[in-house]
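Everything below belongs to upload05.cif, which stores mmCIF, C-alpha atoms.
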data_work
#
loop_
_atom_site.group_PDB
_atom_site.id
_atom_site.type_symbol
_atom_site.label_atom_id
_atom_site.label_comp_id
_atom_site.auth_asym_id
_atom_site.auth_seq_id
_atom_site.Cartn_x
_atom_site.Cartn_y
_atom_site.Cartn_z
ATOM 1 C CA MET R 1 -0.626 -22.965 -2.860
ATOM 2 C CA SER R 2 -3.617 -20.676 -2.456
ATOM 3 C CA ALA R 3 -2.362 -19.394 0.889
ATOM 4 C CA ALA R 4 1.072 -18.715 -0.597
ATOM 5 C CA THR R 5 -0.500 -16.875 -3.536
ATOM 6 C CA ASN R 6 -2.621 -14.725 -1.243
ATOM 7 C CA SER R 7 0.415 -13.974 0.906
ATOM 8 C CA GLY R 8 2.381 -12.936 -2.170
ATOM 9 C CA ARG R 9 -0.395 -10.664 -3.360
ATOM 10 C CA GLU R 10 -0.668 -9.092 0.069
ATOM 11 C CA ARG R 11 3.096 -8.497 0.083
ATOM 12 C CA VAL R 12 2.971 -6.813 -3.330
ATOM 13 C CA ARG R 13 0.022 -4.731 -2.180
ATOM 14 C CA GLU R 14 1.852 -3.542 0.932
ATOM 15 C CA LEU R 15 5.007 -2.691 -1.022
ATOM 16 C CA SER R 16 2.924 -0.767 -3.549
ATOM 17 C CA LEU R 17 1.561 1.406 -0.721
ATOM 18 C CA THR R 18 5.106 2.420 0.195
ATOM 19 C CA ALA R 19 6.035 2.991 -3.451
ATOM 20 C CA LEU R 20 2.903 5.078 -3.956
ATOM 21 C CA LEU R 21 3.816 7.322 -1.023
ATOM 22 C CA VAL R 22 7.330 7.858 -2.391
ATOM 23 C CA TYR R 23 6.098 8.585 -5.905
ATOM 24 C CA LEU R 24 3.362 10.964 -4.804
ATOM 25 C CA SER R 25 5.859 12.830 -2.615
ATOM 26 C CA LEU R 26 8.200 13.253 -5.580
ATOM 27 C CA LEU R 27 5.365 14.449 -7.826
ATOM 28 C CA ILE R 28 4.025 16.966 -5.335
ATOM 29 C CA PHE R 29 7.215 18.329 -3.835
ATOM 30 C CA VAL R 30 9.682 17.964 -6.743
ATOM 31 C CA VAL R 31 7.925 17.655 -10.106
ATOM 32 C CA THR R 32 5.267 20.323 -9.520
ATOM 33 C CA PRO R 33 7.766 23.091 -8.599
ATOM 34 C CA LEU R 34 9.863 22.154 -11.650
ATOM 35 C CA VAL R 35 6.767 22.479 -13.839
ATOM 36 C CA GLN R 36 6.114 25.905 -12.355
ATOM 37 C CA ARG R 37 9.692 26.892 -13.255
ATOM 38 C CA ASP R 38 9.198 25.505 -16.806
ATOM 39 C CA VAL R 39 11.961 22.951 -16.265
ATOM 40 C CA ILE R 40 9.460 20.195 -17.051
ATOM 41 C CA GLY R 41 6.877 20.732 -19.761
ATOM 42 C CA GLN R 42 3.178 20.474 -19.026
ATOM 43 C CA ALA R 43 2.701 17.523 -21.396
ATOM 44 C CA ALA R 44 5.515 15.624 -19.670
ATOM 45 C CA ALA R 45 3.996 16.524 -16.319
ATOM 46 C CA GLY R 46 0.677 15.054 -17.443
ATOM 47 C CA VAL R 47 2.397 11.762 -18.270
ATOM 48 C CA LEU R 48 4.250 11.740 -14.953
ATOM 49 C CA TRP R 49 1.008 12.309 -13.070
ATOM 50 C CA ALA R 50 -0.564 9.390 -14.958
ATOM 51 C CA LEU R 51 2.224 6.981 -13.956
ATOM 52 C CA PRO R 52 0.852 6.414 -10.424
ATOM 53 C CA LEU R 53 -1.816 4.406 -12.239
ATOM 54 C CA ILE R 54 0.742 1.592 -12.430
ATOM 55 C CA LEU R 55 1.065 1.568 -8.652
ATOM 56 C CA ALA R 56 -2.671 2.037 -8.282
ATOM 57 C CA VAL R 57 -3.255 -1.126 -10.321
ATOM 58 C CA LEU R 58 -1.165 -3.064 -7.802
ATOM 59 C CA VAL R 59 -3.117 -1.595 -4.903
ATOM 60 C CA VAL R 60 -6.594 -2.131 -6.367
ATOM 61 C CA SER R 61 -5.886 -5.379 -8.246
ATOM 62 C CA GLY R 62 -8.295 -7.179 -5.929
ATOM 63 C CA HIS R 63 -11.079 -4.714 -6.779
ATOM 64 C CA PRO R 64 -11.937 -5.172 -10.492
ATOM 65 C CA VAL R 65 -14.680 -2.530 -10.517
ATOM 66 C CA ALA R 66 -12.421 0.076 -8.890
ATOM 67 C CA LEU R 67 -9.633 -0.873 -11.297
ATOM 68 C CA ALA R 68 -11.930 -0.442 -14.315
ATOM 69 C CA VAL R 69 -13.150 2.964 -13.095
ATOM 70 C CA ILE R 70 -9.585 4.194 -12.538
ATOM 71 C CA LEU R 71 -8.444 2.966 -15.963
ATOM 72 C CA VAL R 72 -11.376 4.568 -17.807
ATOM 73 C CA ALA R 73 -11.172 7.855 -15.886
ATOM 74 C CA THR R 74 -7.407 8.140 -16.300
ATOM 75 C CA GLY R 75 -7.644 7.321 -20.007
ATOM 76 C CA ALA R 76 -10.308 9.976 -20.534
ATOM 77 C CA GLY R 77 -8.204 12.549 -18.702
ATOM 78 C CA LEU R 78 -5.079 11.742 -20.728
ATOM 79 C CA VAL R 79 -6.937 11.988 -24.045
ATOM 80 C CA THR R 80 -8.360 15.368 -23.048
ATOM 81 C CA GLU R 81 -4.945 16.673 -22.022
ATOM 82 C CA ILE R 82 -3.291 15.441 -25.225
ATOM 83 C CA LEU R 83 -5.975 17.082 -27.389
ATOM 84 C CA ASN R 84 -5.690 20.244 -25.269
ATOM 85 C CA HIS R 85 -8.715 22.105 -26.664
ATOM 86 C CA PRO R 86 -9.736 24.732 -24.103
ATOM 87 C CA SER R 87 -13.488 24.525 -23.527
ATOM 88 C CA VAL R 88 -15.942 24.017 -20.719
ATOM 89 C CA LEU R 89 -16.502 20.415 -21.825
ATOM 90 C CA SER R 90 -12.784 19.578 -21.887
ATOM 91 C CA ALA R 91 -12.323 21.180 -18.476
ATOM 92 C CA VAL R 92 -15.191 19.181 -16.995
ATOM 93 C CA VAL R 93 -13.983 15.916 -18.569
ATOM 94 C CA SER R 94 -10.352 16.428 -17.555
ATOM 95 C CA ARG R 95 -10.966 17.498 -13.983
ATOM 96 C CA GLY R 96 -14.012 15.280 -13.514
ATOM 97 C CA SER R 97 -12.087 12.180 -14.591
ATOM 98 C CA ALA R 98 -9.234 13.133 -12.264
ATOM 99 C CA ILE R 99 -11.696 13.535 -9.381
ATOM 100 C CA VAL R 100 -13.253 10.129 -10.062
ATOM 101 C CA ALA R 101 -9.919 8.300 -10.412
ATOM 102 C CA THR R 102 -8.399 9.953 -7.351
ATOM 103 C CA GLY R 103 -11.540 9.438 -5.274
ATOM 104 C CA VAL R 104 -11.827 5.736 -6.112
ATOM 105 C CA LEU R 105 -8.125 5.162 -5.487
ATOM 106 C CA GLY R 106 -8.384 6.990 -2.171
ATOM 107 C CA GLY R 107 -11.343 4.853 -1.140
ATOM 108 C CA VAL R 108 -9.502 1.616 -1.911
ATOM 109 C CA ILE R 109 -6.359 2.744 -0.094
ATOM 110 C CA ALA R 110 -8.472 3.808 2.875
ATOM 111 C CA GLY R 111 -9.818 0.263 2.976
ATOM 112 C CA ALA R 112 -6.271 -1.104 2.944
ATOM 113 C CA VAL R 113 -5.119 1.286 5.670
ATOM 114 C CA PHE R 114 -8.108 1.126 8.015
ATOM 115 C CA GLY R 115 -9.219 -2.450 7.264
ATOM 116 C CA PRO R 116 -8.621 -5.439 9.549
ATOM 117 C CA GLY R 117 -5.177 -6.981 9.802
ATOM 118 C CA ARG R 118 -1.904 -6.434 11.559
ATOM 119 C CA VAL R 119 -0.281 -3.023 11.598
ATOM 120 C CA THR R 120 2.816 -2.862 9.402
ATOM 121 C CA GLN R 121 5.198 -0.119 8.308
ATOM 122 C CA HIS R 122 3.736 -0.324 4.807
ATOM 123 C CA ARG R 123 0.239 0.291 6.177
ATOM 124 C CA ILE R 124 1.460 3.366 8.039
ATOM 125 C CA ARG R 125 3.130 4.629 4.867
ATOM 126 C CA GLY R 126 -0.097 3.910 3.029
ATOM 127 C CA ALA R 127 -1.800 6.265 5.496
ATOM 128 C CA GLY R 128 0.679 8.949 4.442
ATOM 129 C CA ALA R 129 -0.157 8.260 0.797
ATOM 130 C CA LEU R 130 -3.863 8.523 1.631
ATOM 131 C CA TYR R 131 -3.272 11.920 3.244
ATOM 132 C CA LEU R 132 -1.604 13.186 0.066
ATOM 133 C CA ILE R 133 -4.381 11.693 -2.057
ATOM 134 C CA VAL R 134 -6.943 13.682 -0.057
ATOM 135 C CA ALA R 135 -4.972 16.834 -0.884
ATOM 136 C CA LEU R 136 -4.852 15.836 -4.568
ATOM 137 C CA LEU R 137 -8.567 15.100 -4.628
ATOM 138 C CA PHE R 138 -9.461 18.524 -3.267
ATOM 139 C CA ALA R 139 -6.965 20.176 -5.632
ATOM 140 C CA HIS R 140 -8.770 18.595 -8.586
ATOM 141 C CA ILE R 141 -12.135 19.669 -7.164
ATOM 142 C CA TYR R 142 -10.842 23.216 -6.705
ATOM 143 C CA ALA R 143 -9.581 23.149 -10.298
ATOM 144 C CA LEU R 144 -13.037 22.172 -11.525
ATOM 145 C CA VAL R 145 -14.639 24.966 -9.500
ATOM 146 C CA ALA R 146 -12.065 27.461 -10.802
ATOM 147 C CA ALA R 147 -12.800 26.403 -14.384
ATOM 148 C CA LEU R 148 -16.570 26.670 -14.010
ATOM 149 C CA VAL R 149 -16.643 29.727 -11.751
ATOM 150 C CA PRO R 150 -14.115 32.407 -12.810
ATOM 151 C CA GLU R 151 -12.446 34.214 -9.916
ATOM 152 C CA ALA R 152 -13.580 31.565 -7.410
ATOM 153 C CA PHE R 153 -10.097 31.881 -5.879
ATOM 154 C CA SER R 154 -7.812 34.847 -5.562
ATOM 155 C CA ALA R 155 -4.331 34.686 -7.146
ATOM 156 C CA VAL R 156 -5.300 31.723 -9.357
ATOM 157 C CA PRO R 157 -5.103 31.856 -13.175
ATOM 158 C CA ILE R 158 -8.448 32.097 -14.955
ATOM 159 C CA GLY R 159 -8.988 29.913 -17.992
ATOM 160 C CA LEU R 160 -10.215 26.605 -19.348
ATOM 161 C CA ASN R 161 -6.876 25.168 -20.429
ATOM 162 C CA VAL R 162 -6.586 21.691 -18.939
ATOM 163 C CA HIS R 163 -3.041 22.423 -17.763
ATOM 164 C CA SER R 164 -3.288 26.033 -16.711
ATOM 165 C CA VAL R 165 -4.594 25.762 -13.163
ATOM 166 C CA PHE R 166 -3.575 22.467 -11.621
ATOM 167 C CA TYR R 167 -0.092 21.891 -13.020
ATOM 168 C CA ARG R 168 1.072 25.353 -12.054
ATOM 169 C CA GLY R 169 0.721 24.006 -8.563
ATOM 170 C CA ARG R 170 -1.237 26.877 -7.073
ATOM 171 C CA LEU R 171 -4.356 24.932 -6.220
ATOM 172 C CA LEU R 172 -2.342 21.909 -5.099
ATOM 173 C CA TYR R 173 -0.387 24.237 -2.839
ATOM 174 C CA PHE R 174 -3.646 25.776 -1.588
ATOM 175 C CA SER R 175 -5.068 22.308 -0.942
ATOM 176 C CA LEU R 176 -2.071 21.224 1.144
ATOM 177 C CA VAL R 177 -2.061 24.488 3.077
ATOM 178 C CA THR R 178 -5.778 24.055 3.787
ATOM 179 C CA LEU R 179 -5.522 20.361 4.694
ATOM 180 C CA THR R 180 -2.780 21.086 7.210
ATOM 181 C CA THR R 181 -4.694 24.207 8.396
ATOM 182 C CA THR R 182 -1.575 26.331 7.854
ATOM 183 C CA GLY R 183 -3.523 29.104 6.146
ATOM 184 C CA TYR R 184 -0.922 31.512 4.758
ATOM 185 C CA GLY R 185 -3.652 33.624 3.160
ATOM 186 C CA ASP R 186 -1.936 34.250 -0.187
ATOM 187 C CA ILE R 187 -4.710 32.297 -1.963
ATOM 188 C CA VAL R 188 -8.235 32.878 -0.685
ATOM 189 C CA PRO R 189 -11.502 31.148 -1.677
ATOM 190 C CA LEU R 190 -13.923 33.862 -2.770
ATOM 191 C CA HIS R 191 -16.945 31.898 -3.994
ATOM 192 C CA SER R 192 -19.301 30.309 -1.454
ATOM 193 C CA VAL R 193 -18.782 26.821 -2.923
ATOM 194 C CA ALA R 194 -15.007 27.230 -2.794
ATOM 195 C CA ARG R 195 -15.212 28.375 0.820
ATOM 196 C CA SER R 196 -17.409 25.441 1.756
ATOM 197 C CA LEU R 197 -14.988 22.977 0.151
ATOM 198 C CA ALA R 198 -12.005 24.594 1.870
ATOM 199 C CA THR R 199 -13.776 24.362 5.215
ATOM 200 C CA LEU R 200 -14.572 20.686 4.623
ATOM 201 C CA GLU R 201 -10.949 19.933 3.737
ATOM 202 C CA ALA R 202 -9.717 21.716 6.865
ATOM 203 C CA VAL R 203 -12.066 19.606 9.012
ATOM 204 C CA ILE R 204 -10.834 16.418 7.336
ATOM 205 C CA GLY R 205 -7.248 17.526 7.901
ATOM 206 C CA GLN R 206 -7.942 17.894 11.613
ATOM 207 C CA LEU R 207 -9.804 14.596 11.996
ATOM 208 C CA PHE R 208 -7.502 12.427 9.882
ATOM 209 C CA PRO R 209 -4.551 12.075 12.335
ATOM 210 C CA ALA R 210 -6.816 11.379 15.315
ATOM 211 C CA THR R 211 -8.896 8.825 13.384
ATOM 212 C CA LEU R 212 -5.787 7.151 11.989
ATOM 213 C CA LEU R 213 -4.118 6.904 15.387
ATOM 214 C CA ALA R 214 -7.240 5.481 17.054
ATOM 215 C CA ARG R 215 -7.699 2.886 14.288
ATOM 216 C CA LEU R 216 -4.065 1.775 14.294
ATOM 217 C CA VAL R 217 -4.057 1.387 18.074
ATOM 218 C CA THR R 218 -7.247 -0.704 17.850
ATOM 219 C CA LEU R 219 -5.775 -2.919 15.130
ATOM 220 C CA GLU R 220 -2.546 -3.358 17.095
ATOM 221 C CA LEU R 221 -4.437 -4.446 20.206
ATOM 222 C CA GLN R 222 -6.616 -6.812 18.193
ATOM 223 C CA GLY R 223 -3.553 -8.344 16.542
ATOM 224 C CA ARG R 224 -1.808 -9.192 19.783
ATOM 225 C CA GLY R 225 -2.010 -12.746 21.024
ATOM 226 C CA PRO R 226 -2.464 -13.760 24.665
ATOM 227 C CA SER R 227 1.309 -14.172 25.049
ATOM 228 C CA ASP R 228 1.850 -10.541 24.046
ATOM 229 C CA GLU R 229 -0.197 -9.175 26.905
ATOM 230 C CA PRO R 230 1.601 -8.219 30.149
#
Could you show the structure in this file as structure tokens?
Amino acid sequence: MSAATNSGRERVRELSLTALLVYLSLLIFVVTPLVQRDVIGQAAAGVLWALPLILAVLVVSGHPVALAVILVATGAGLVTEILNHPSVLSAVVSRGSAIVATGVLGGVIAGAVFGPGRVTQHRIRGAGALYLIVALLFAHIYALVAALVPEAFSAVPIGLNVHSVFYRGRLLYFSLVTLTTTGYGDIVPLHSVARSLATLEAVIGQLFPATLLARLVTLELQGRGPSDEP
């Protein structure tokens, strides 16, 4: 009974990795542009961005501490966005809570992707979700820097409104362009901290595919039985 329960939980966890990748892709590549075009309101966008918490609960259900941190951080961020009082404190709380929740979720998913066990399609899709989470994490960090340091980035709105920077998609776009080392140059980090963060993200973007490939090959070789070898 215990083995069957563990197998069922593992199955749900793997499926949630695939669902998380699909949902994050829709949020980043569909919802965010619609918010920029004012097709979707910023309040609705905030709710949509909070919904991955449901999938995150499935992924981190075996990690009660991580689950508690994500719940508290997400709740604090939602309350701040609903109140929507532009101030330094609200900006720090909103973006800080998003950084904490995204960072913890990324750490747990990294454990699921790179941890021991057989290589499955869901694990590979989880690696894709982790890649997008890295981009989201840096976007939130950039948003915090932009709120605390005016004009830290070129072509980015200046202000303390909790919606104004991130949900317009400019820093998320900049994060993805930096992570993939595309570098269009339409948004440029001007402050030394912003430049340092952008450089770090670019390095991570270069190392991630190589590290992922090496780990998956190792896990695949470890998972093969004697009969699988030529």
Using all atoms listed in the file, which of the listed residues (R:Pro116, R:Gly46, R:Pro33, R:Gly75) sits closest to Ser97 (chain R)?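 When distances to Ser97 (chain R) are compared using all atoms listed in the file, the smallest one comes from R:Gly75.
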Selected residue, from R:Ala101, R:Leu136, R:Ala56, R:Ala19, that lies nearest to Gly77 (chain R) when counting all atoms listed in the file: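 Ranked by minimum distance to Gly77 (chain R), first place goes to R:Ala101.
Going from CA of Val88 (chain R) to CA of Thr199 (chain R) covers 26.0 Å.
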If you take every atom of region 94-108 of chain R that the file lists and fit an axis-aligned box around them with 4 Å extra on each side, what centre and edge lengths come out in Å to one decimal, as AutoDock Vina command-line options?
--center_x -11.1 --center_y 9.6 --center_z -9.3 --size_x 13.9 --size_y 23.9 --size_z 24.4
Can you work out the spacing between CA of Gly106 (chain R) and CA of Val193 (chain R) in Å, to one decimal?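 CA of Val193 (chain R) lies at a distance of 22.4 Å from CA of Gly106 (chain R).
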Counting only C-alpha atoms, I want the residues whose atoms come within 12 Å of (-8.3, -6.0, 15.3) in the file frame, returned as a ChimeraX atom specification. /R:114-119,214-225
How many Å lie between CA of Gly126 (chain R) and CA of Val104 (chain R), rounded to one decimal? 15.0 Å
Specify as a short mmCIF file (atom, residue, chain, number, x, y, z; two decimals) with C-alpha atoms, in the coordinates of the input each residue included when the PyMOL selection byres ((chain R and resi 204) around 10) is applied to this file.
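Below is the file that was written, result_10.cif:
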data_model
loop_
_atom_site.label_atom_id
_atom_site.label_comp_id
_atom_site.auth_asym_id
_atom_site.auth_seq_id
_atom_site.Cartn_x
_atom_site.Cartn_y
_atom_site.Cartn_z
CA TYR R 131 -3.27 11.92 3.24
CA VAL R 134 -6.94 13.68 -0.06
CA THR R 178 -5.78 24.06 3.79
CA LEU R 179 -5.52 20.36 4.69
CA THR R 180 -2.78 21.09 7.21
CA THR R 181 -4.69 24.21 8.40
CA ALA R 198 -12.00 24.59 1.87
CA THR R 199 -13.78 24.36 5.22
CA LEU R 200 -14.57 20.69 4.62
CA GLU R 201 -10.95 19.93 3.74
CA ALA R 202 -9.72 21.72 6.86
CA VAL R 203 -12.07 19.61 9.01
CA GLY R 205 -7.25 17.53 7.90
CA GLN R 206 -7.94 17.89 11.61
CA LEU R 207 -9.80 14.60 12.00
CA PHE R 208 -7.50 12.43 9.88
CA PRO R 209 -4.55 12.08 12.34
CA THR R 211 -8.90 8.82 13.38
#
Which one is closest to Val92 (chain R): R:Arg37, R:Ala50, R:Ile124, R:Leu148? Count only C-alpha atoms. R:Leu148
R:Leu71, R:Ala147, R:Val12, R:Val65: which is nearest Ala98 (chain R), counting all atoms listed in the file?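 Closest to Ala98 (chain R) of all the choices is R:Leu71.
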Closest of R:Leu67, R:Ser90, R:Val100, R:Trp49 to Ile28 (chain R) - atom-to-atom distances counting only C-alpha atoms: R:Trp49
Could you rebuild region 31-50 of chain R with N, CA and C atoms and give it back as an mmCIF file, in the coordinates of the input?
data_model
loop_
_atom_site.group_PDB
_atom_site.id
_atom_site.type_symbol
_atom_site.label_atom_id
_atom_site.label_comp_id
_atom_site.auth_asym_id
_atom_site.auth_seq_id
_atom_site.Cartn_x
_atom_site.Cartn_y
_atom_site.Cartn_z
ATOM 1 N N VAL R 31 8.349 17.462 -8.718
ATOM 2 C CA VAL R 31 7.925 17.655 -10.106
ATOM 3 C C VAL R 31 7.105 18.926 -10.272
ATOM 4 N N THR R 32 6.141 19.151 -9.382
ATOM 5 C CA THR R 32 5.267 20.323 -9.520
ATOM 6 C C THR R 32 6.035 21.642 -9.490
ATOM 7 N N PRO R 33 6.976 21.847 -8.541
ATOM 8 C CA PRO R 33 7.766 23.091 -8.599
ATOM 9 C C PRO R 33 8.585 23.217 -9.877
ATOM 10 N N LEU R 34 9.092 22.100 -10.407
ATOM 11 C CA LEU R 34 9.863 22.154 -11.650
ATOM 12 C C LEU R 34 8.972 22.526 -12.829
ATOM 13 N N VAL R 35 7.709 22.079 -12.796
ATOM 14 C CA VAL R 35 6.767 22.479 -13.839
ATOM 15 C C VAL R 35 6.496 23.975 -13.755
ATOM 16 N N GLN R 36 6.353 24.472 -12.536
ATOM 17 C CA GLN R 36 6.114 25.905 -12.355
ATOM 18 C C GLN R 36 7.284 26.739 -12.864
ATOM 19 N N ARG R 37 8.496 26.182 -12.766
ATOM 20 C CA ARG R 37 9.692 26.892 -13.255
ATOM 21 C C ARG R 37 9.972 26.593 -14.724
ATOM 22 N N ASP R 38 9.063 25.878 -15.388
ATOM 23 C CA ASP R 38 9.198 25.505 -16.806
ATOM 24 C C ASP R 38 10.404 24.621 -17.074
ATOM 25 N N VAL R 39 10.891 23.925 -16.060
ATOM 26 C CA VAL R 39 11.961 22.951 -16.265
ATOM 27 C C VAL R 39 11.400 21.681 -16.884
ATOM 28 N N ILE R 40 10.181 21.332 -16.481
ATOM 29 C CA ILE R 40 9.460 20.195 -17.051
ATOM 30 C C ILE R 40 8.232 20.735 -17.765
ATOM 31 N N GLY R 41 8.028 20.279 -18.993
ATOM 32 C CA GLY R 41 6.877 20.732 -19.761
ATOM 33 C C GLY R 41 5.574 20.200 -19.202
ATOM 34 N N GLN R 42 4.479 20.863 -19.541
ATOM 35 C CA GLN R 42 3.178 20.474 -19.026
ATOM 36 C C GLN R 42 2.733 19.128 -19.568
ATOM 37 N N ALA R 43 3.065 18.823 -20.832
ATOM 38 C CA ALA R 43 2.701 17.523 -21.396
ATOM 39 C C ALA R 43 3.437 16.401 -20.669
ATOM 40 N N ALA R 44 4.734 16.619 -20.416
ATOM 41 C CA ALA R 44 5.515 15.624 -19.670
ATOM 42 C C ALA R 44 4.985 15.464 -18.255
ATOM 43 N N ALA R 45 4.568 16.585 -17.667
ATOM 44 C CA ALA R 45 3.996 16.524 -16.319
ATOM 45 C C ALA R 45 2.717 15.702 -16.314
ATOM 46 N N GLY R 46 1.901 15.842 -17.363
ATOM 47 C CA GLY R 46 0.677 15.054 -17.443
ATOM 48 C C GLY R 46 0.961 13.562 -17.482
ATOM 49 N N VAL R 47 2.013 13.181 -18.213
ATOM 50 C CA VAL R 47 2.397 11.762 -18.270
ATOM 51 C C VAL R 47 2.902 11.291 -16.919
ATOM 52 N N LEU R 48 3.725 12.111 -16.263
ATOM 53 C CA LEU R 48 4.250 11.740 -14.953
ATOM 54 C C LEU R 48 3.133 11.567 -13.928
ATOM 55 N N TRP R 49 2.127 12.429 -14.010
ATOM 56 C CA TRP R 49 1.008 12.309 -13.070
ATOM 57 C C TRP R 49 0.150 11.096 -13.381
ATOM 58 N N ALA R 50 0.204 10.589 -14.607
ATOM 59 C CA ALA R 50 -0.564 9.390 -14.958
ATOM 60 C C ALA R 50 0.149 8.110 -14.530
#
